[in-house]
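Peer 1: Submitted below is the structure of interest, expressed as structure tokens.
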Amino acid sequence: MNENPEVSERIEMVPVGYVENDYLEPVYNEEVYSKVSKIVLMKEFTDGLYRIEDFEKLYILFYFSKSKGYKLIHRRRYDGEVSGVFASRSPYRPNGIGLTIVELLNVEGNVLHVRGLDAINGTPVLDIKPYIRETEEEDEKQRTEKEQN
């Protein structure tokens with residue numbers, strides 16, 4: 001951890017793949033959650049998909065490559081309320097990282113077919129992780145129980 005807040009630490013990441021779909025511009029559109037997209041992994045990461053089909057849903061972490069700059073306070077697009085950037089799903093963020101849960105439809109080699117990805121065509125994908133409902137719900141249940149005690 002960086003002990004000096006004046007010094008910023010740089011982190012480099014390499015995309016594991018890219019999004020392919022019909023969305024070319026970053027605009028808010030609810031219908032994106034019902035549309036199918038492809039995530040095309042770089043060939044060298046194909047083996048990392050082994051047994052990915054064991055899961056119905058996945059977390060997709062991606063980079064908002066077309067979003068430049070950010071505001072810490074802004075109006076949320078989905079409900080019109082004013083909030084901080086960390087209380088929103090704005091693509092204009094200090095680090096430009098997006099996170100979405102998608103439905104995995106099928107896998108063909110290095111290509112994932114998913115539904116519900118709110119990223120535009122050409123978006124760099126940083127990571128893919130399984131969504132495990134039982135684990136997520138158990139974690140939430142434990143947090144709720146601690147809060148009530």
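Labels used: A, B, ... for chains in the order of the structure tokens, numbers from 1 for residues in each chain, and numbers from 1 for ligands as shown.
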Might you pull out every residue within 12 Å of A:Tyr70, with only C-alpha atoms counted and same-chain residues fewer than 6 positions away left off, and present them as a ChimeraX atom specification?

Peer 2: /A:64,84-86,90-96

Peer 1: Could you turn the residues from that selection into a file that holds all heavy atoms, as a PDB file, in the first residue's frame?

Peer 2:
```pdb
ATOM      1  N   PHE A  64     -13.731   1.386 -19.712  1.00  0.00           N
ATOM      2  CA  PHE A  64     -14.484   2.377 -20.479  1.00  0.00           C
ATOM      3  C   PHE A  64     -13.503   3.161 -21.360  1.00  0.00           C
ATOM      4  O   PHE A  64     -13.135   4.292 -21.053  1.00  0.00           O
ATOM      5  CB  PHE A  64     -15.231   3.326 -19.542  1.00  0.00           C
ATOM      6  CG  PHE A  64     -16.392   2.718 -18.827  1.00  0.00           C
ATOM      7  CD1 PHE A  64     -16.375   2.560 -17.454  1.00  0.00           C
ATOM      8  CD2 PHE A  64     -17.525   2.332 -19.530  1.00  0.00           C
ATOM      9  CE1 PHE A  64     -17.462   2.029 -16.783  1.00  0.00           C
ATOM     10  CE2 PHE A  64     -18.620   1.788 -18.868  1.00  0.00           C
ATOM     11  CZ  PHE A  64     -18.584   1.637 -17.486  1.00  0.00           C
ATOM     12  N   GLY A  84     -22.760  10.830  -5.961  1.00  0.00           N
ATOM     13  CA  GLY A  84     -21.335  10.707  -6.202  1.00  0.00           C
ATOM     14  C   GLY A  84     -21.079   9.634  -7.243  1.00  0.00           C
ATOM     15  O   GLY A  84     -21.909   8.739  -7.452  1.00  0.00           O
ATOM     16  N   VAL A  85     -19.950   9.713  -7.889  1.00  0.00           N
ATOM     17  CA  VAL A  85     -19.621   8.753  -8.945  1.00  0.00           C
ATOM     18  C   VAL A  85     -19.623   7.316  -8.433  1.00  0.00           C
ATOM     19  O   VAL A  85     -19.998   6.396  -9.148  1.00  0.00           O
ATOM     20  CB  VAL A  85     -18.271   9.102  -9.621  1.00  0.00           C
ATOM     21  CG1 VAL A  85     -17.091   8.893  -8.682  1.00  0.00           C
ATOM     22  CG2 VAL A  85     -18.080   8.306 -10.907  1.00  0.00           C
ATOM     23  N   PHE A  86     -19.260   7.114  -7.164  1.00  0.00           N
ATOM     24  CA  PHE A  86     -19.212   5.759  -6.625  1.00  0.00           C
ATOM     25  C   PHE A  86     -20.594   5.246  -6.219  1.00  0.00           C
ATOM     26  O   PHE A  86     -20.738   4.084  -5.827  1.00  0.00           O
ATOM     27  CB  PHE A  86     -18.238   5.682  -5.451  1.00  0.00           C
ATOM     28  CG  PHE A  86     -16.841   6.110  -5.837  1.00  0.00           C
ATOM     29  CD1 PHE A  86     -16.206   7.125  -5.145  1.00  0.00           C
ATOM     30  CD2 PHE A  86     -16.183   5.524  -6.900  1.00  0.00           C
ATOM     31  CE1 PHE A  86     -14.927   7.527  -5.502  1.00  0.00           C
ATOM     32  CE2 PHE A  86     -14.907   5.920  -7.267  1.00  0.00           C
ATOM     33  CZ  PHE A  86     -14.270   6.927  -6.561  1.00  0.00           C
ATOM     34  N   SER A  90     -22.070   5.315 -13.763  1.00  0.00           N
ATOM     35  CA  SER A  90     -21.536   6.182 -14.813  1.00  0.00           C
ATOM     36  C   SER A  90     -20.271   5.594 -15.435  1.00  0.00           C
ATOM     37  O   SER A  90     -19.411   5.065 -14.725  1.00  0.00           O
ATOM     38  CB  SER A  90     -21.198   7.556 -14.225  1.00  0.00           C
ATOM     39  OG  SER A  90     -20.505   8.334 -15.185  1.00  0.00           O
ATOM     40  N   PRO A  91     -20.126   5.721 -16.764  1.00  0.00           N
ATOM     41  CA  PRO A  91     -18.884   5.286 -17.399  1.00  0.00           C
ATOM     42  C   PRO A  91     -17.746   6.293 -17.193  1.00  0.00           C
ATOM     43  O   PRO A  91     -16.605   6.008 -17.505  1.00  0.00           O
ATOM     44  CB  PRO A  91     -19.259   5.183 -18.878  1.00  0.00           C
ATOM     45  CG  PRO A  91     -20.396   6.134 -19.043  1.00  0.00           C
ATOM     46  CD  PRO A  91     -21.139   6.128 -17.733  1.00  0.00           C
ATOM     47  N   TYR A  92     -18.069   7.459 -16.654  1.00  0.00           N
ATOM     48  CA  TYR A  92     -17.066   8.501 -16.412  1.00  0.00           C
ATOM     49  C   TYR A  92     -16.594   8.388 -14.967  1.00  0.00           C
ATOM     50  O   TYR A  92     -17.176   8.964 -14.059  1.00  0.00           O
ATOM     51  CB  TYR A  92     -17.658   9.878 -16.726  1.00  0.00           C
ATOM     52  CG  TYR A  92     -18.132   9.961 -18.152  1.00  0.00           C
ATOM     53  CD1 TYR A  92     -19.479   9.817 -18.465  1.00  0.00           C
ATOM     54  CD2 TYR A  92     -17.225  10.131 -19.192  1.00  0.00           C
ATOM     55  CE1 TYR A  92     -19.908   9.860 -19.786  1.00  0.00           C
ATOM     56  CE2 TYR A  92     -17.643  10.170 -20.505  1.00  0.00           C
ATOM     57  CZ  TYR A  92     -18.985  10.026 -20.791  1.00  0.00           C
ATOM     58  OH  TYR A  92     -19.399  10.057 -22.095  1.00  0.00           O
ATOM     59  N   ARG A  93     -15.507   7.610 -14.787  1.00  0.00           N
ATOM     60  CA  ARG A  93     -15.019   7.247 -13.462  1.00  0.00           C
ATOM     61  C   ARG A  93     -13.520   7.518 -13.364  1.00  0.00           C
ATOM     62  O   ARG A  93     -12.832   7.526 -14.378  1.00  0.00           O
ATOM     63  CB  ARG A  93     -15.273   5.764 -13.208  1.00  0.00           C
ATOM     64  CG  ARG A  93     -16.677   5.292 -13.596  1.00  0.00           C
ATOM     65  CD  ARG A  93     -16.942   3.870 -13.230  1.00  0.00           C
ATOM     66  NE  ARG A  93     -17.050   3.712 -11.798  1.00  0.00           N
ATOM     67  CZ  ARG A  93     -18.111   4.077 -11.085  1.00  0.00           C
ATOM     68  NH1 ARG A  93     -19.157   4.616 -11.671  1.00  0.00           N
ATOM     69  NH2 ARG A  93     -18.132   3.909  -9.778  1.00  0.00           N
ATOM     70  N   PRO A  94     -12.999   7.701 -12.142  1.00  0.00           N
ATOM     71  CA  PRO A  94     -11.569   7.960 -12.007  1.00  0.00           C
ATOM     72  C   PRO A  94     -10.681   6.910 -12.673  1.00  0.00           C
ATOM     73  O   PRO A  94      -9.652   7.238 -13.246  1.00  0.00           O
ATOM     74  CB  PRO A  94     -11.353   7.991 -10.490  1.00  0.00           C
ATOM     75  CG  PRO A  94     -12.668   8.432  -9.945  1.00  0.00           C
ATOM     76  CD  PRO A  94     -13.699   7.812 -10.861  1.00  0.00           C
ATOM     77  N   ASN A  95     -11.078   5.640 -12.617  1.00  0.00           N
ATOM     78  CA  ASN A  95     -10.276   4.587 -13.243  1.00  0.00           C
ATOM     79  C   ASN A  95     -10.958   3.926 -14.426  1.00  0.00           C
ATOM     80  O   ASN A  95     -10.403   3.005 -15.012  1.00  0.00           O
ATOM     81  CB  ASN A  95      -9.873   3.525 -12.220  1.00  0.00           C
ATOM     82  CG  ASN A  95      -8.778   4.025 -11.307  1.00  0.00           C
ATOM     83  OD1 ASN A  95      -7.811   4.611 -11.771  1.00  0.00           O
ATOM     84  ND2 ASN A  95      -8.951   3.828 -10.025  1.00  0.00           N
ATOM     85  N   GLY A  96     -12.135   4.341 -14.781  1.00  0.00           N
ATOM     86  CA  GLY A  96     -12.798   3.853 -15.984  1.00  0.00           C
ATOM     87  C   GLY A  96     -13.051   2.358 -16.033  1.00  0.00           C
ATOM     88  O   GLY A  96     -13.021   1.753 -17.110  1.00  0.00           O
TER      89      GLY A  96
END
```

Peer 1: Among chain A, which residues carry a DSSP assignment of strand (DSSP E or B), reported as a PyMOL selection string?

Peer 2: chain A and resi 17-20+36-41+57-63+73-75+82-84+97-108+111-115+124-131

Peer 1: Within 8 Å of A:Val114, counting only C-alpha atoms, which residues show up once you throw out same-chain ones fewer than 4 positions away? Write them as a list in words, please.

Peer 2: Val36, Ser37, Lys38, Ile39, Val102, Glu103, Leu104, Leu105 and Asn106 of chain A

Peer 1: Generate a file of the selected residues that holds all heavy atoms, formatted as a CSV table (one decimal), in the first residue's frame.

Peer 2:
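Saved as again_19.csv:
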```
chain,number,residue,atom,x,y,z
A,36,VAL,N,-27.7,-9.7,-27.1
A,36,VAL,CA,-26.6,-10.7,-27.0
A,36,VAL,C,-25.3,-10.0,-27.6
A,36,VAL,O,-25.4,-9.3,-28.5
A,36,VAL,CB,-26.9,-11.9,-27.9
A,36,VAL,CG1,-25.7,-12.8,-28.0
A,36,VAL,CG2,-28.1,-12.7,-27.3
A,37,SER,N,-24.2,-10.2,-26.8
A,37,SER,CA,-22.9,-9.7,-27.2
A,37,SER,C,-22.0,-10.9,-27.3
A,37,SER,O,-22.2,-11.9,-26.7
A,37,SER,CB,-22.4,-8.7,-26.2
A,37,SER,OG,-23.2,-7.5,-26.2
A,38,LYS,N,-20.8,-10.6,-27.9
A,38,LYS,CA,-19.8,-11.6,-27.9
A,38,LYS,C,-18.6,-11.0,-27.1
A,38,LYS,O,-18.3,-9.8,-27.3
A,38,LYS,CB,-19.3,-12.0,-29.3
A,38,LYS,CG,-20.3,-12.7,-30.2
A,38,LYS,CD,-19.7,-12.9,-31.6
A,38,LYS,CE,-20.7,-13.5,-32.5
A,38,LYS,NZ,-20.1,-13.6,-33.9
A,39,ILE,N,-17.9,-11.8,-26.4
A,39,ILE,CA,-16.6,-11.5,-25.8
A,39,ILE,C,-15.6,-12.4,-26.5
A,39,ILE,O,-15.7,-13.6,-26.3
A,39,ILE,CB,-16.6,-11.7,-24.3
A,39,ILE,CG1,-17.6,-10.7,-23.7
A,39,ILE,CG2,-15.2,-11.4,-23.7
A,39,ILE,CD1,-17.8,-11.0,-22.2
A,102,VAL,N,-23.5,-10.9,-16.4
A,102,VAL,CA,-24.1,-11.3,-17.7
A,102,VAL,C,-24.6,-12.7,-17.6
A,102,VAL,O,-24.1,-13.5,-16.8
A,102,VAL,CB,-23.2,-11.1,-18.9
A,102,VAL,CG1,-22.8,-9.7,-19.1
A,102,VAL,CG2,-22.0,-12.0,-18.8
A,103,GLU,N,-25.5,-13.1,-18.5
A,103,GLU,CA,-25.9,-14.5,-18.6
A,103,GLU,C,-25.1,-15.1,-19.7
A,103,GLU,O,-24.9,-14.6,-20.8
A,103,GLU,CB,-27.4,-14.5,-19.1
A,103,GLU,CG,-27.9,-15.9,-19.3
A,103,GLU,CD,-29.3,-15.9,-19.9
A,103,GLU,OE1,-29.9,-14.8,-20.1
A,103,GLU,OE2,-29.8,-17.0,-20.2
A,104,LEU,N,-24.4,-16.2,-19.4
A,104,LEU,CA,-23.6,-17.0,-20.3
A,104,LEU,C,-24.5,-17.8,-21.2
A,104,LEU,O,-25.2,-18.7,-20.6
A,104,LEU,CB,-22.6,-17.8,-19.6
A,104,LEU,CG,-21.7,-18.7,-20.5
A,104,LEU,CD1,-20.9,-17.8,-21.5
A,104,LEU,CD2,-20.8,-19.6,-19.7
A,105,LEU,N,-24.5,-17.6,-22.5
A,105,LEU,CA,-25.4,-18.4,-23.4
A,105,LEU,C,-24.7,-19.6,-23.9
A,105,LEU,O,-25.2,-20.7,-23.9
A,105,LEU,CB,-25.9,-17.5,-24.5
A,105,LEU,CG,-26.7,-16.3,-24.0
A,105,LEU,CD1,-27.0,-15.4,-25.2
A,105,LEU,CD2,-27.9,-16.7,-23.3
A,106,ASN,N,-23.5,-19.4,-24.5
A,106,ASN,CA,-22.6,-20.5,-24.9
A,106,ASN,C,-21.2,-20.0,-25.2
A,106,ASN,O,-20.9,-18.9,-25.2
A,106,ASN,CB,-23.3,-21.2,-26.1
A,106,ASN,CG,-23.2,-20.4,-27.4
A,106,ASN,OD1,-23.4,-19.2,-27.4
A,106,ASN,ND2,-22.9,-21.0,-28.5
```

Peer 1: Any idea what's packed within 12 Å of A:Ser88, counting only C-alpha atoms, ignoring anything in its chain fewer than 4 positions away? Could you give it as a PDB file with C-alpha atoms, in the first residue's frame?

Peer 2:
```pdb
ATOM      1  CA  LYS A  71     -16.976  14.322 -12.195  1.00  0.00           C
ATOM      2  CA  LEU A  72     -17.202  13.232  -8.571  1.00  0.00           C
ATOM      3  CA  ILE A  73     -20.787  14.554  -8.342  1.00  0.00           C
ATOM      4  CA  HIS A  74     -23.229  14.228 -11.235  1.00  0.00           C
ATOM      5  CA  ARG A  75     -26.788  13.288 -12.173  1.00  0.00           C
ATOM      6  CA  ARG A  76     -27.375   9.546 -12.541  1.00  0.00           C
ATOM      7  CA  ARG A  77     -28.758   8.527 -15.919  1.00  0.00           C
ATOM      8  CA  TYR A  78     -31.078   5.789 -14.719  1.00  0.00           C
ATOM      9  CA  ASP A  79     -33.065   7.732 -12.101  1.00  0.00           C
ATOM     10  CA  GLY A  80     -32.058  11.389 -12.527  1.00  0.00           C
ATOM     11  CA  GLU A  81     -30.856  11.711  -8.922  1.00  0.00           C
ATOM     12  CA  VAL A  82     -27.668  13.613  -8.042  1.00  0.00           C
ATOM     13  CA  SER A  83     -25.020  11.341  -6.520  1.00  0.00           C
ATOM     14  CA  GLY A  84     -21.335  10.707  -6.202  1.00  0.00           C
ATOM     15  CA  TYR A  92     -17.066   8.501 -16.412  1.00  0.00           C
ATOM     16  CA  ARG A  93     -15.019   7.247 -13.462  1.00  0.00           C
ATOM     17  CA  GLY A  98     -16.973  -1.200 -15.596  1.00  0.00           C
ATOM     18  CA  LEU A  99     -18.570  -4.233 -13.979  1.00  0.00           C
TER      19      LEU A  99
END
```

Peer 1: Just to confirm, what's the straight-line distance from atom CA of A:Pro130 to atom CA of A:Glu44 in Å (one decimal)?

Peer 2: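 Here the two named atoms are 19.5 Å from each other.
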
Peer 1: Pick out the residues sitting within 12 Å of A:Tyr59, and hand them over as a PyMOL selection string; count only C-alpha atoms, and ignore anything fewer than 3 positions along from it in its own chain.

Peer 2: chain A and resi 52+55-56+62+98-104+114-118+125-133+136

Peer 1: Kindly export the residues of the current selection with N, CA and C atoms, as a short mmCIF file (atom, residue, chain, number, x, y, z; two decimals), in the first residue's frame.

Peer 2:
```cif
data_model
loop_
_atom_site.label_atom_id
_atom_site.label_comp_id
_atom_site.auth_asym_id
_atom_site.auth_seq_id
_atom_site.Cartn_x
_atom_site.Cartn_y
_atom_site.Cartn_z
N ILE A 52 -15.92 -22.92 -17.83
CA ILE A 52 -16.71 -21.69 -17.64
C ILE A 52 -18.19 -21.98 -17.82
N PHE A 55 -21.13 -22.33 -15.15
CA PHE A 55 -21.79 -21.18 -14.55
C PHE A 55 -22.79 -20.56 -15.50
N GLU A 56 -23.93 -20.16 -14.96
CA GLU A 56 -24.98 -19.51 -15.76
C GLU A 56 -24.70 -18.03 -15.94
N PHE A 62 -14.53 -4.53 -17.36
CA PHE A 62 -14.07 -3.96 -18.62
C PHE A 62 -13.62 -2.53 -18.43
N GLY A 98 -15.57 -0.81 -15.61
CA GLY A 98 -16.97 -1.20 -15.60
C GLY A 98 -17.12 -2.62 -15.10
N LEU A 99 -18.27 -2.91 -14.49
CA LEU A 99 -18.57 -4.23 -13.98
C LEU A 99 -20.02 -4.54 -14.29
N THR A 100 -20.26 -5.70 -14.88
CA THR A 100 -21.61 -6.14 -15.22
C THR A 100 -21.73 -7.63 -14.98
N ILE A 101 -22.91 -8.05 -14.55
CA ILE A 101 -23.23 -9.48 -14.47
C ILE A 101 -23.98 -9.83 -15.75
N VAL A 102 -23.51 -10.86 -16.44
CA VAL A 102 -24.14 -11.28 -17.69
C VAL A 102 -24.59 -12.73 -17.60
N GLU A 103 -25.50 -13.08 -18.48
CA GLU A 103 -25.93 -14.47 -18.63
C GLU A 103 -25.05 -15.12 -19.70
N LEU A 104 -24.42 -16.23 -19.36
CA LEU A 104 -23.62 -16.96 -20.33
C LEU A 104 -24.53 -17.84 -21.16
N VAL A 114 -22.92 -13.84 -24.64
CA VAL A 114 -23.52 -13.44 -23.37
C VAL A 114 -24.70 -12.51 -23.61
N ARG A 115 -25.59 -12.44 -22.63
CA ARG A 115 -26.72 -11.50 -22.68
C ARG A 115 -26.59 -10.54 -21.50
N GLY A 116 -26.82 -9.24 -21.80
CA GLY A 116 -26.85 -8.25 -20.73
C GLY A 116 -25.59 -7.44 -20.54
N LEU A 117 -24.68 -7.50 -21.46
CA LEU A 117 -23.42 -6.76 -21.33
C LEU A 117 -23.62 -5.30 -21.75
N ASP A 118 -23.45 -4.38 -20.82
CA ASP A 118 -23.64 -2.96 -21.11
C ASP A 118 -22.32 -2.27 -21.47
N VAL A 125 -11.96 -6.00 -22.50
CA VAL A 125 -12.38 -6.79 -21.34
C VAL A 125 -11.14 -7.07 -20.50
N LEU A 126 -11.22 -6.71 -19.21
CA LEU A 126 -10.07 -6.86 -18.31
C LEU A 126 -10.05 -8.20 -17.59
N ASP A 127 -11.23 -8.71 -17.25
CA ASP A 127 -11.29 -9.97 -16.52
C ASP A 127 -12.70 -10.55 -16.59
N ILE A 128 -12.79 -11.83 -16.34
CA ILE A 128 -14.06 -12.57 -16.32
C ILE A 128 -14.02 -13.45 -15.08
N LYS A 129 -15.09 -13.39 -14.30
CA LYS A 129 -15.17 -14.22 -13.09
C LYS A 129 -16.56 -14.83 -12.99
N PRO A 130 -16.65 -16.02 -12.44
CA PRO A 130 -17.97 -16.63 -12.31
C PRO A 130 -18.80 -15.95 -11.23
N TYR A 131 -20.08 -15.81 -11.49
CA TYR A 131 -21.04 -15.35 -10.48
C TYR A 131 -21.61 -16.61 -9.86
N ILE A 132 -21.40 -16.77 -8.57
CA ILE A 132 -21.85 -17.96 -7.87
C ILE A 132 -22.94 -17.52 -6.90
N ARG A 133 -24.19 -17.72 -7.29
CA ARG A 133 -25.33 -17.21 -6.54
C ARG A 133 -25.29 -17.63 -5.07
N GLU A 136 -22.69 -15.55 -3.23
CA GLU A 136 -23.11 -14.15 -3.14
C GLU A 136 -24.23 -14.00 -2.13
#
```

Peer 1: So the first atom is atom CA of A:Asn110 and the second is atom CA of A:Thr46; what is the distance between them in Å, to one decimal place?

Peer 2: 5.1 Å

Peer 1: Can you tell me how far atom CA of A:Leu61 sits from atom CA of A:His113, in Å to one decimal?

Peer 2: 15.5 Å

Peer 1: Return the single residue from A:Glu134, A:Asn121, A:Asp22, A:Val111 that is closest to A:Lys43, with distances computed using only C-alpha atoms.

Peer 2: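 Going through A:Glu134, A:Asn121, A:Asp22, A:Val111 one by one, the smallest distance to A:Lys43 is for A:Val111.
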
Peer 1: Residues within 8 Å of A:Ile120, please, as a PyMOL selection string. Count only C-alpha atoms; anything in the same chain fewer than 6 positions from it doesn't count.

Peer 2: chain A and resi 19-26
